[in-house]
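Here is final17.cif, consisting of mmCIF, C-alpha atoms and all ligand atoms:
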data_protein
loop_
_atom_site.label_atom_id
_atom_site.label_comp_id
_atom_site.auth_asym_id
_atom_site.auth_seq_id
_atom_site.Cartn_x
_atom_site.Cartn_y
_atom_site.Cartn_z
CA MET A 103 0.00 0.00 0.00
CA PRO A 104 1.35 3.45 -0.84
CA ARG A 105 2.56 5.24 2.25
CA ASN A 106 0.29 8.17 1.74
CA LEU A 107 -2.89 6.14 1.92
CA GLY A 108 -3.24 7.47 5.43
CA PHE A 109 -3.80 10.90 3.93
CA TRP A 110 -6.43 9.70 1.58
CA ILE A 111 -10.03 9.31 2.35
CA HIS A 112 -12.73 8.10 0.10
CA ARG A 113 -14.31 10.77 -1.93
CA SER A 114 -17.70 11.91 -0.87
CA ILE A 115 -19.73 14.77 -2.12
CA LEU A 116 -18.68 18.13 -0.79
CA ALA A 117 -21.63 18.17 1.61
CA ALA A 118 -21.02 20.40 4.59
CA GLU A 119 -17.50 21.37 3.62
CA ALA A 120 -18.47 24.73 2.21
CA LEU A 121 -20.04 25.84 5.48
CA CYS A 122 -16.81 26.36 7.26
CA LEU A 123 -14.62 27.03 4.26
CA GLY A 124 -16.58 30.19 3.57
CA ALA A 125 -15.29 31.64 6.77
CA LEU A 126 -11.71 30.76 5.88
CA LEU A 127 -11.54 32.71 2.69
CA LEU A 128 -11.18 36.41 3.18
CA PRO A 129 -11.94 38.73 0.32
CA LEU A 130 -8.69 40.36 -0.75
CA PRO A 131 -8.49 44.11 -0.34
CA GLN A 132 -7.92 46.19 -3.48
CA ASN A 133 -4.18 46.41 -3.04
CA PRO A 134 -3.02 44.14 -0.27
CA PHE A 135 0.56 44.10 -1.40
CA SER A 136 2.23 46.66 0.72
CA LEU A 137 4.63 43.94 1.66
CA PRO A 138 6.35 43.15 4.91
CA ARG A 139 9.86 44.48 5.22
CA LEU A 140 11.57 41.17 4.58
CA VAL A 141 9.63 40.77 1.37
CA MET A 142 10.64 44.24 0.27
CA GLU A 143 14.28 43.43 0.93
CA ALA A 144 13.98 40.24 -1.01
CA VAL A 145 12.61 42.20 -3.94
CA SER A 146 15.60 44.53 -4.04
CA SER A 147 18.26 41.89 -3.41
CA GLN A 148 16.79 39.74 -6.14
CA SER A 149 18.06 42.26 -8.66
CA ASP A 150 21.44 40.52 -8.50
CA ALA A 151 19.87 37.51 -10.16
CA SER A 152 18.45 39.16 -13.23
CA GLN A 153 19.57 37.52 -16.38
CA SER A 154 21.25 40.31 -18.27
CA GLY A 155 23.63 41.40 -15.55
CA THR A 156 22.22 44.89 -15.72
CA GLY A 157 20.09 44.24 -12.66
CA ARG A 158 16.60 45.49 -12.29
CA SER A 159 16.15 49.17 -11.94
CA ASP A 160 12.87 49.07 -10.09
CA THR A 161 13.02 49.15 -6.34
CA GLY A 162 10.70 47.05 -4.27
CA GLN A 163 8.73 50.18 -3.58
CA SER A 164 7.88 50.92 -7.17
CA ASP A 165 7.36 47.22 -7.83
CA THR A 166 4.58 47.14 -5.35
CA GLY A 167 3.18 50.46 -6.43
CA GLN A 168 1.16 51.51 -9.41
CA ALA A 169 2.54 48.87 -11.76
CA GLY A 170 -0.34 46.59 -10.84
CA SER A 171 -1.93 44.99 -7.86
CA TYR A 172 -0.32 41.61 -8.22
CA ILE A 173 2.33 40.00 -6.07
CA LYS A 174 5.90 40.86 -7.06
CA TRP A 175 7.87 38.60 -4.78
CA VAL A 176 7.44 35.43 -2.72
CA ASP A 177 9.84 33.78 -0.30
CA PHE A 178 8.56 30.26 0.14
CA ASP A 179 10.06 29.20 3.44
CA VAL A 180 7.33 26.81 4.62
CA SER A 181 8.83 23.68 6.14
CA SER A 182 7.91 20.19 4.98
CA GLN A 183 6.75 19.41 8.53
CA ALA A 184 4.32 22.34 8.49
CA MET A 185 3.02 21.31 5.05
CA GLY A 186 2.56 17.76 6.28
CA GLN A 187 0.71 18.85 9.39
CA ALA A 188 -1.57 21.21 7.44
CA LEU A 189 -2.30 18.50 4.88
CA ARG A 190 -3.33 16.08 7.62
CA TYR A 191 -5.70 18.64 9.11
CA ASP A 192 -7.18 19.32 5.66
CA VAL A 193 -7.66 15.67 4.75
CA ASP A 194 -8.83 14.57 8.20
CA SER A 195 -11.45 17.32 8.34
CA TYR A 196 -12.59 16.90 4.75
CA ASP A 197 -15.79 15.09 5.70
CA SER A 198 -16.44 17.13 8.80
CA GLU A 199 -18.59 20.21 9.23
CA CYS A 200 -15.51 22.38 9.54
CA HIS A 201 -13.17 21.57 6.68
CA LEU A 202 -9.76 23.09 7.46
CA ASP A 203 -8.09 24.36 4.32
CA TRP A 204 -4.36 23.57 4.48
CA ILE A 205 -3.29 26.68 2.61
CA SER A 206 -5.22 28.92 5.03
CA LEU A 207 -3.59 27.19 7.99
CA LEU A 208 -0.14 27.76 6.50
CA ALA A 209 -0.94 31.35 5.54
CA TYR A 210 -2.01 32.10 9.10
CA LEU A 211 1.32 30.80 10.41
CA GLY A 212 3.17 32.61 7.62
CA ALA A 213 1.56 35.87 8.69
CA ARG A 214 2.38 35.15 12.36
CA TYR A 215 6.01 34.29 11.59
CA GLY A 216 6.69 36.97 8.98
CA GLY A 217 7.19 34.09 6.55
CA ASP A 218 10.04 32.64 8.63
CA PHE A 219 9.23 29.00 9.35
CA SER A 220 12.29 28.51 11.54
CA ARG A 221 9.79 29.83 14.09
CA TYR A 222 7.31 27.05 13.31
CA LYS A 223 5.81 25.10 16.20
CA ALA A 224 3.30 22.33 15.56
CA SER A 225 1.40 23.49 18.63
CA ASP A 226 0.70 26.84 16.91
CA MET A 227 -1.19 25.06 14.14
CA ASP A 228 -2.92 22.78 16.66
CA ARG A 229 -4.21 25.83 18.51
CA LEU A 230 -5.43 27.47 15.31
CA ALA A 231 -7.21 24.30 14.21
CA GLU A 232 -8.85 23.98 17.61
CA GLN A 233 -10.10 27.58 17.51
CA LEU A 234 -11.54 27.10 14.01
CA GLN A 235 -13.17 23.84 15.00
CA GLN A 236 -14.72 25.56 18.00
CA GLY A 237 -16.39 28.03 15.67
CA ALA A 238 -13.98 30.96 15.43
CA SER A 239 -13.78 32.49 11.94
CA MET A 240 -10.51 33.05 10.12
CA GLU A 241 -11.56 36.66 9.61
CA GLU A 242 -11.72 37.13 13.35
CA LEU A 243 -8.47 35.30 14.01
CA THR A 244 -6.53 37.25 11.40
CA LYS A 245 -7.92 40.72 12.04
CA ASP A 246 -4.57 41.88 13.40
CA LEU A 247 -2.50 39.95 10.89
CA THR A 248 -2.09 42.57 8.16
CA TYR A 249 -0.28 40.25 5.76
CA TYR A 250 -2.54 37.25 6.04
CA PRO A 251 -4.17 38.02 2.63
CA TYR A 252 -0.70 38.26 1.08
CA TYR A 253 0.42 34.91 2.47
CA LEU A 254 -2.89 33.32 1.54
CA GLU A 255 -2.41 34.34 -2.08
CA ALA A 256 1.34 33.65 -2.15
CA TYR A 257 1.11 30.17 -0.62
CA GLY A 258 -2.02 29.52 -2.64
CA ALA A 259 -0.01 30.23 -5.78
CA VAL A 260 2.63 27.66 -4.79
CA LEU A 261 0.37 24.93 -3.41
CA GLY A 262 -2.96 25.63 -5.11
CA GLY A 263 -2.83 22.68 -7.52
CA MET A 264 -1.57 20.04 -5.13
CA VAL A 265 -4.55 18.91 -3.07
CA GLY A 266 -8.01 17.94 -4.21
CA ASN A 267 -10.23 15.20 -5.54
CA TYR A 268 -8.95 12.75 -8.11
CA ASP A 269 -9.31 9.19 -9.24
CA ILE A 270 -6.37 6.82 -9.23
CA GLN A 271 -5.72 3.17 -9.82
CA ILE A 272 -4.76 1.02 -6.87
CA PRO A 273 -4.08 -2.73 -6.76
CA ASP A 274 -7.14 -4.87 -6.08
CA GLN A 275 -6.57 -6.58 -2.75
CA ALA A 276 -7.42 -10.03 -4.07
CA THR A 277 -6.03 -10.02 -7.58
CA GLY A 278 -3.49 -7.20 -7.62
CA GLU A 279 -5.14 -5.92 -10.80
CA PRO A 280 -5.60 -2.16 -11.03
CA VAL A 281 -8.96 -0.85 -9.87
CA TRP A 282 -10.12 2.75 -9.81
CA ALA A 283 -10.59 4.57 -6.51
CA GLY A 284 -11.82 8.09 -5.77
CA ARG A 285 -9.59 10.05 -3.42
CA TYR A 286 -9.19 13.38 -1.73
CA GLY A 287 -5.70 14.43 -0.73
CA LEU A 288 -2.26 15.16 -2.12
CA LYS A 289 -2.28 14.72 -5.89
CA ALA A 290 1.13 16.21 -6.67
CA PHE A 291 4.18 13.97 -7.01
CA SER A 292 7.89 14.01 -6.31
CA PRO A 293 9.84 14.91 -9.48
CA ILE A 294 11.86 11.66 -9.15
CA ALA A 295 10.21 8.28 -9.82
CA LYS A 296 9.65 5.86 -6.96
CA THR A 297 12.60 3.64 -5.92
CA PHE A 298 15.15 5.73 -7.86
CA PRO A 299 17.70 7.16 -5.41
CA TYR A 300 18.72 10.80 -5.34
CA GLN A 301 20.50 13.23 -3.07
CA ASP A 302 19.81 16.88 -2.47
CA TYR A 303 20.40 19.79 -0.14
CA ASP A 304 19.06 23.32 0.00
CA ASP A 305 20.98 24.95 -2.85
CA PHE A 306 18.56 27.72 -3.76
CA GLY A 307 20.22 31.07 -4.27
CA VAL A 308 23.80 29.80 -4.28
CA SER A 309 26.14 31.37 -6.80
CA ARG A 310 26.49 30.13 -10.39
CA SER A 311 29.10 31.40 -12.80
CA TYR A 312 28.45 29.74 -16.18
CA GLY A 313 27.48 32.47 -18.64
CA TYR A 314 27.28 35.27 -16.09
CA LYS A 315 27.31 35.62 -12.34
CA ARG A 316 23.87 34.71 -11.09
CA GLN A 317 21.96 32.92 -8.40
CA HIS A 318 20.76 29.36 -8.58
CA LEU A 319 17.00 29.70 -8.95
CA GLY A 320 15.98 26.12 -8.46
CA HIS A 321 16.64 22.86 -6.72
CA ASP A 322 19.11 20.20 -7.88
CA LEU A 323 18.42 16.49 -7.34
CA MET A 324 21.53 14.39 -7.92
CA GLY A 325 20.81 10.94 -9.32
CA GLN A 326 21.74 8.45 -12.01
CA VAL A 327 21.52 9.26 -15.70
CA GLY A 328 18.30 7.82 -17.09
CA THR A 329 16.27 8.12 -13.88
CA PRO A 330 12.65 8.80 -14.88
CA VAL A 331 11.62 12.39 -14.20
CA ILE A 332 8.00 12.83 -13.09
CA ALA A 333 5.50 15.64 -13.64
CA VAL A 334 4.91 17.20 -10.23
CA GLU A 335 1.60 18.74 -11.25
CA SER A 336 -0.68 18.33 -14.24
CA GLY A 337 -0.22 20.88 -16.98
CA TYR A 338 0.80 21.40 -20.58
CA VAL A 339 4.20 21.49 -22.22
CA GLU A 340 5.03 25.13 -22.83
CA ALA A 341 8.72 24.73 -23.64
CA ILE A 342 10.61 21.72 -24.93
CA GLY A 343 14.03 21.60 -26.57
CA TRP A 344 17.56 22.87 -26.12
CA ASN A 345 18.60 25.79 -24.01
CA GLN A 346 22.19 26.88 -23.50
CA TYR A 347 21.84 26.80 -19.71
CA GLY A 348 19.34 24.08 -19.05
CA GLY A 349 20.40 21.77 -21.90
CA TRP A 350 17.48 19.56 -22.89
CA ARG A 351 14.73 21.10 -20.81
CA LEU A 352 11.00 20.99 -20.29
CA GLY A 353 8.76 23.81 -19.16
CA ILE A 354 5.32 22.74 -17.98
CA ARG A 355 2.62 25.25 -17.11
CA SER A 356 -0.19 24.52 -14.69
CA PHE A 357 -3.68 24.85 -16.13
CA ASP A 358 -4.43 27.82 -13.90
CA LYS A 359 -1.31 29.40 -15.50
CA THR A 360 0.13 30.36 -12.10
CA ARG A 361 2.98 27.84 -11.96
CA TYR A 362 5.75 27.15 -14.49
CA TYR A 363 7.67 23.97 -13.72
CA TYR A 364 11.14 23.81 -15.20
CA TYR A 365 12.95 20.47 -15.54
CA ALA A 366 16.48 20.79 -16.95
CA HIS A 367 19.73 18.97 -17.86
CA LEU A 368 17.73 16.01 -19.20
CA SER A 369 19.47 13.04 -20.72
CA LYS A 370 21.65 13.25 -23.85
CA ASN A 371 20.10 11.51 -26.91
CA TYR A 372 16.87 10.62 -25.08
CA PRO A 373 15.74 13.54 -22.93
CA TYR A 374 11.94 13.33 -23.10
CA HIS A 375 9.18 10.81 -22.91
CA ARG A 376 8.30 9.92 -26.50
CA SER A 377 4.73 11.15 -26.09
CA LEU A 378 5.71 14.76 -25.52
CA GLN A 379 5.83 17.75 -27.78
CA GLU A 380 4.95 21.40 -27.35
CA GLY A 381 1.36 21.67 -26.18
CA SER A 382 1.13 18.08 -24.90
CA VAL A 383 -0.96 17.56 -21.80
CA VAL A 384 0.66 15.77 -18.88
CA GLN A 385 -0.83 14.56 -15.64
CA ALA A 386 0.79 14.68 -12.24
CA GLY A 387 2.76 11.45 -11.86
CA ASP A 388 3.44 10.94 -15.59
CA VAL A 389 6.96 10.17 -16.76
CA ILE A 390 8.07 13.24 -18.71
CA GLY A 391 11.79 12.72 -19.26
CA TYR A 392 15.09 11.32 -18.02
CA LEU A 393 17.72 12.71 -15.73
CA GLY A 394 21.01 13.62 -17.38
CA ARG A 395 23.80 16.17 -17.52
CA THR A 396 23.17 18.22 -20.66
CA GLY A 397 23.59 21.97 -20.74
CA TYR A 398 26.13 24.75 -20.33
CA SER A 399 26.74 24.72 -24.06
CA ALA A 400 25.40 26.50 -27.11
CA THR A 401 25.73 23.20 -28.99
CA GLU A 402 22.70 20.94 -28.82
CA ASN A 403 22.84 17.55 -27.14
CA THR A 404 26.07 18.32 -25.29
CA ASN A 405 26.94 16.89 -21.87
CA ASN A 406 28.70 19.70 -20.08
CA ILE A 407 27.42 19.34 -16.52
CA ASP A 408 29.82 17.46 -14.26
CA THR A 409 27.36 15.83 -11.84
CA PRO A 410 24.23 14.25 -13.31
CA HIS A 411 21.19 15.88 -11.75
CA LEU A 412 17.71 17.15 -12.35
CA HIS A 413 17.38 20.88 -12.03
CA PHE A 414 13.85 21.43 -10.75
CA GLY A 415 12.54 24.98 -10.77
CA LEU A 416 9.17 26.49 -9.93
CA GLN A 417 8.25 29.95 -11.15
CA LEU A 418 5.16 31.78 -9.89
CA ILE A 419 3.26 33.90 -12.38
CA PHE A 420 0.71 36.28 -10.91
CA ASP A 421 0.68 38.39 -14.05
CA GLU A 422 1.74 37.19 -17.48
CA SER A 423 4.24 40.07 -17.74
CA GLN A 424 6.29 38.28 -15.07
CA LYS A 425 6.84 35.14 -17.15
CA ASP A 426 9.93 36.15 -19.12
CA SER A 427 11.22 39.24 -17.42
CA SER A 428 13.85 40.48 -15.04
CA ASN A 429 11.21 40.24 -12.32
CA GLU A 430 10.65 36.52 -12.37
CA ILE A 431 9.62 34.86 -9.12
CA TRP A 432 11.36 31.54 -8.54
CA ILE A 433 10.87 29.82 -5.23
CA ASP A 434 13.02 27.56 -3.10
CA CYS A 435 11.78 24.01 -3.79
CA TYR A 436 13.88 22.16 -1.22
CA GLU A 437 11.21 21.80 1.47
CA LEU A 438 8.49 21.30 -1.12
CA THR A 439 10.45 18.46 -2.73
CA LYS A 440 10.98 16.88 0.69
CA PHE A 441 7.24 17.15 1.37
CA LEU A 442 6.45 15.51 -1.99
CA THR A 443 8.54 12.41 -1.21
CA MET A 444 5.39 11.00 0.42
CA ASN A 445 3.97 10.70 -3.10
CA ARG A 446 6.38 9.13 -5.58
CA SER A 447 5.14 7.77 -8.89
CA GLU A 448 5.75 4.09 -9.53
CA THR A 449 7.02 3.39 -13.04
CA VAL A 450 7.36 0.43 -15.36
CA ARG A 451 9.83 0.02 -18.24
CA ASP A 452 8.92 -1.16 -21.71
CA PRO A 453 11.63 -3.76 -22.44
CA GLU A 454 11.45 -3.09 -26.18
CA THR A 455 11.61 0.68 -26.36
CA LYS A 456 13.27 1.13 -22.93
CA GLU A 457 10.72 3.86 -22.27
CA TYR A 458 9.30 4.22 -18.75
CA TYR A 459 5.59 4.65 -18.05
CA ARG A 460 3.60 5.37 -14.92
CA LEU A 461 2.22 2.17 -13.42
CA TRP A 462 -0.98 3.51 -11.87
CA GLN A 463 -3.22 5.62 -14.07
CA MET A 464 -4.85 8.75 -12.70
CA LYS A 465 -7.72 11.06 -13.61
CA ASP A 466 -6.99 14.56 -12.43
CA PRO A 467 -10.06 16.81 -12.76
CA ALA A 468 -7.68 19.77 -13.19
CA VAL A 469 -7.02 18.57 -16.77
CA PRO A 470 -9.64 20.12 -19.05
CA GLY A 471 -11.30 17.32 -20.98
CA GLY A 472 -9.08 14.71 -19.36
CA ALA A 473 -5.61 13.50 -20.32
CA PRO A 474 -4.52 10.49 -22.36
CA GLU A 475 -3.46 7.54 -20.25
CA GLN A 476 0.26 6.94 -20.11
CA ARG A 477 0.67 3.21 -20.56
CA ILE A 478 2.80 0.83 -22.59
CA ASN A 479 1.35 0.17 -26.05
CA ALA A 480 -1.27 2.85 -25.65
CA ILE A 481 -2.77 3.47 -29.05
CA PRO A 482 -2.85 7.14 -29.95
CA GLU A 483 -6.19 8.67 -30.84
CA PRO A 484 -6.88 8.51 -34.58
CA GLY A 485 -5.55 11.64 -36.18
CA SER A 486 -3.59 12.50 -33.08
CA ASP A 487 -0.24 14.11 -33.76
CA SER A 488 0.82 14.01 -30.16
CA VAL A 489 3.24 11.12 -30.54
CA PRO A 490 6.41 12.12 -32.35
CA GLU A 491 8.32 9.62 -34.44
CA SER A 492 10.30 7.23 -32.33
CA GLY A 493 13.90 8.20 -31.87
CA SER A 494 13.50 11.83 -32.86
CA LEU A 495 14.36 14.64 -30.52
CA PRO A 496 11.20 16.68 -30.28
CA GLY A 497 11.37 20.42 -30.20
CA SER A 498 15.03 20.57 -30.99
CA GLY A 499 14.61 23.93 -32.60
CA SER A 500 16.05 25.92 -29.74
CA SER A 501 14.15 28.80 -28.30
CA PRO A 502 15.85 32.16 -27.94
CA GLY A 503 16.76 31.29 -24.37
CA SER A 504 14.34 33.27 -22.29
CA ALA A 505 15.16 34.49 -18.86
CA SER A 506 13.06 31.69 -17.37
CA ASP A 507 15.23 29.09 -18.90
CA SER A 508 18.50 30.55 -17.72
CA ALA A 509 17.82 29.45 -14.16
CA SER A 510 19.94 26.34 -13.99
ZN ZN A 601 20.20 23.62 -10.80
#

Let me see the structure of the file written as structure tokens.
Ligand SMILES: [Zn+2]
Amino acid sequence: MPRNLGFWIHRSILAAEALCLGALLLPLPQNPFSLPRLVMEAVSSQSDASQSGTGRSDTGQSDTGQAGSYIKWVDFDVSSQAMGQALRYDVDSYDSECHLDWISLLAYLGARYGGDFSRYKASDMDRLAEQLQQGASMEELTKDLTYYPYYLEAYGAVLGGMVGNYDIQIPDQATGEPVWAGRYGLKAFSPIAKTFPYQDYDDFGVSRSYGYKRQHLGHDLMGQVGTPVIAVESGYVEAIGWNQYGGWRLGIRSFDKTRYYYYAHLSKNYPYHRSLQEGSVVQAGDVIGYLGRTGYSATENTNNIDTPHLHFGLQLIFDESQKDSSNEIWIDCYELTKFLTMNRSETVRDPETKEYYRLWQMKDPAVPGGAPEQRINAIPEPGSDSVPESGSLPGSGSSPGSASDSAS
């Protein structure tokens, strides 16, 4: 049985859930983004990381001013323990009259701690949960927490696609054959397939010198070449092909457009799952590519990274103008990746093509119209052009190397 079954409960209709949830969601004020001091500092110091070396000219002040009422910077410092605790409260209360929304719980603590989760105490969340379950409203409890709406939106942007209802195959207890089950809980996956070893440490923001002096805007997972790389969240392939920094890389955008997942340094000669091309739909838990050491070269298909690893990046996009700009928001994925180890996708290898596939199929309602199943010998829909010719390198026409893709 998967370890996270404890977090899953059988799906039931939303019933009384909305009663309490209504009280959790505060309407956002017109311009809630007069940010806490540490966020302002982060905005100005981030200028060192802009891709051209010219730095950004805007100060945090003007960034949060008339340019628009969207968030300009997020430090995601939430610990994996806090995420785990909030998830348990959310899932355990799902069928109760007072459904505790995990993002609201984390946002409350974020507002209390000024975003600094080194101050996290499990008892703080216990107390909050108890107050909510005794009938207190979040509005009441946060009336003195000026930045609660900011943290609610910021953490919601990071975690918004990770918990919900979905259907997934599980082994039938008697026969072992896959049977469908409805679930509520964590539906995002670790970027590394189940049973494949990797090592990591918190390397966000450390210095990189290839190309120009910059900060490392992602998280590196060191593993063996060929390790199947997994889609963390469902989405569509926005970028595929060679980039001077990331090598063979994939950019996958969430369907709500808020998150851009960047998977880089994929394997030489066989970087991507054969089913993928620009625009392809992927589901959380699908195999999307293979770990490698390509990149740091203008020449396609070049291994120029010393240590094989997956570079995993997550960019938040509150406004489309932030996507490829000097004001990109990349978050530290170390704790998030640790949290996601509770959900690792099991894979199976096709002995003929050597391609890996997910073992247990899933139906994620976040995918508009549903996604094709990823299984060995799946027959493509008639007229479908979503399966490129075997052996070809899809999308090898390199893109101009946007700022987003320089974060390796
Ligand atoms: Zn990296």

Original post:
With distances taken over all atoms listed in the file, which of A:Ser447, A:Gln317, A:Thr404, A:Ser356 is nearest to ligand ZN 601 (chain A)?
Top reply: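 With all atoms listed in the file as the atom set, the closest residue is A:Gln317.
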
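Among the candidates A:Pro330, A:Gly320, A:Gly343, A:Gly472, the one nearest to ligand ZN 601 (chain A) when counting only C-alpha atoms and all ligand atoms is A:Gly320.
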
Subject >> Protein and nucleic acid residues within 6 Å of ligand ZN 601 (chain A) (all atoms listed in the file) as a ChimeraX atom specification >> reply: /A:320-322,413,510

**OP:** Could you jot down the CA of Trp344 (chain A) to CA of Asn403 (chain A) separation for me, Å, one decimal place?
**Re:** 7.6 Å

Subject >> Shell of 12 Å around Tyr362 (chain A), only C-alpha atoms, local chain residues under 6 positions omitted, as a ChimeraX atom specification >> reply: /A:259-260,263,320,333-341,352-356,414-420,422,424-426,430-433,506-507

**OP:** For CA of Glu242 (chain A) and CA of Thr360 (chain A), determine how far apart the two atoms are, in Å to one decimal place.
**Re:**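 Computing it gives 28.9 Å between the two atoms.
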
**OP:** One decimal, Å: what's the distance from CA of Asn429 (chain A) over to CA of Leu368 (chain A), could you say?
**Re:**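 Between CA of Asn429 (chain A) and CA of Leu368 (chain A) the gap is 26.0 Å.
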
**OP:** Could you check which of A:Leu202, A:Val327, A:Met264, A:Leu208 is closest to Tyr372 (chain A), using only C-alpha atoms?
**Re:**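 Nearest candidate to Tyr372 (chain A) out of A:Leu202, A:Val327, A:Met264, A:Leu208: A:Val327.
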
Original post:
Which is closest to Gln187 (chain A) among A:Gln346, A:Thr409, A:Gln235, A:Ser225, if we use all atoms listed in the file?
Top reply: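 Distance minimum relative to Gln187 (chain A) lands on A:Ser225.
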
**OP:** Could you check which of A:Tyr268, A:Tyr347, A:Tyr252, A:Tyr172 is closest to Leu288 (chain A), using all atoms listed in the file?
**Re:**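 Checking each of A:Tyr268, A:Tyr347, A:Tyr252, A:Tyr172 against Leu288 (chain A), counting all atoms listed in the file, the winner is A:Tyr268.
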
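Nearest to Ile272 (chain A) of all the residues A:Val469, A:Gly325, A:Glu448, A:Asn405 is A:Glu448, based on only C-alpha atoms.
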
Can you find the residues with an atom no farther than 9 Å from (-2.1, 36.3, -4.8), counting only C-alpha atoms, and report them as a tab-separated table (two decimals) with C-alpha atoms, in the coordinates of the input?
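Dumped everything to part.tsv:
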chain	number	residue	atom	x	y	z
A	130	LEU	CA	-8.69	40.36	-0.75
A	135	PHE	CA	0.56	44.10	-1.40
A	172	TYR	CA	-0.32	41.61	-8.22
A	173	ILE	CA	2.33	40.00	-6.07
A	251	PRO	CA	-4.17	38.02	2.63
A	252	TYR	CA	-0.70	38.26	1.08
A	253	TYR	CA	0.42	34.91	2.47
A	254	LEU	CA	-2.89	33.32	1.54
A	255	GLU	CA	-2.41	34.34	-2.08
A	256	ALA	CA	1.34	33.65	-2.15
A	257	TYR	CA	1.11	30.17	-0.62
A	258	GLY	CA	-2.02	29.52	-2.64
A	259	ALA	CA	-0.01	30.23	-5.78
A	420	PHE	CA	0.71	36.28	-10.91
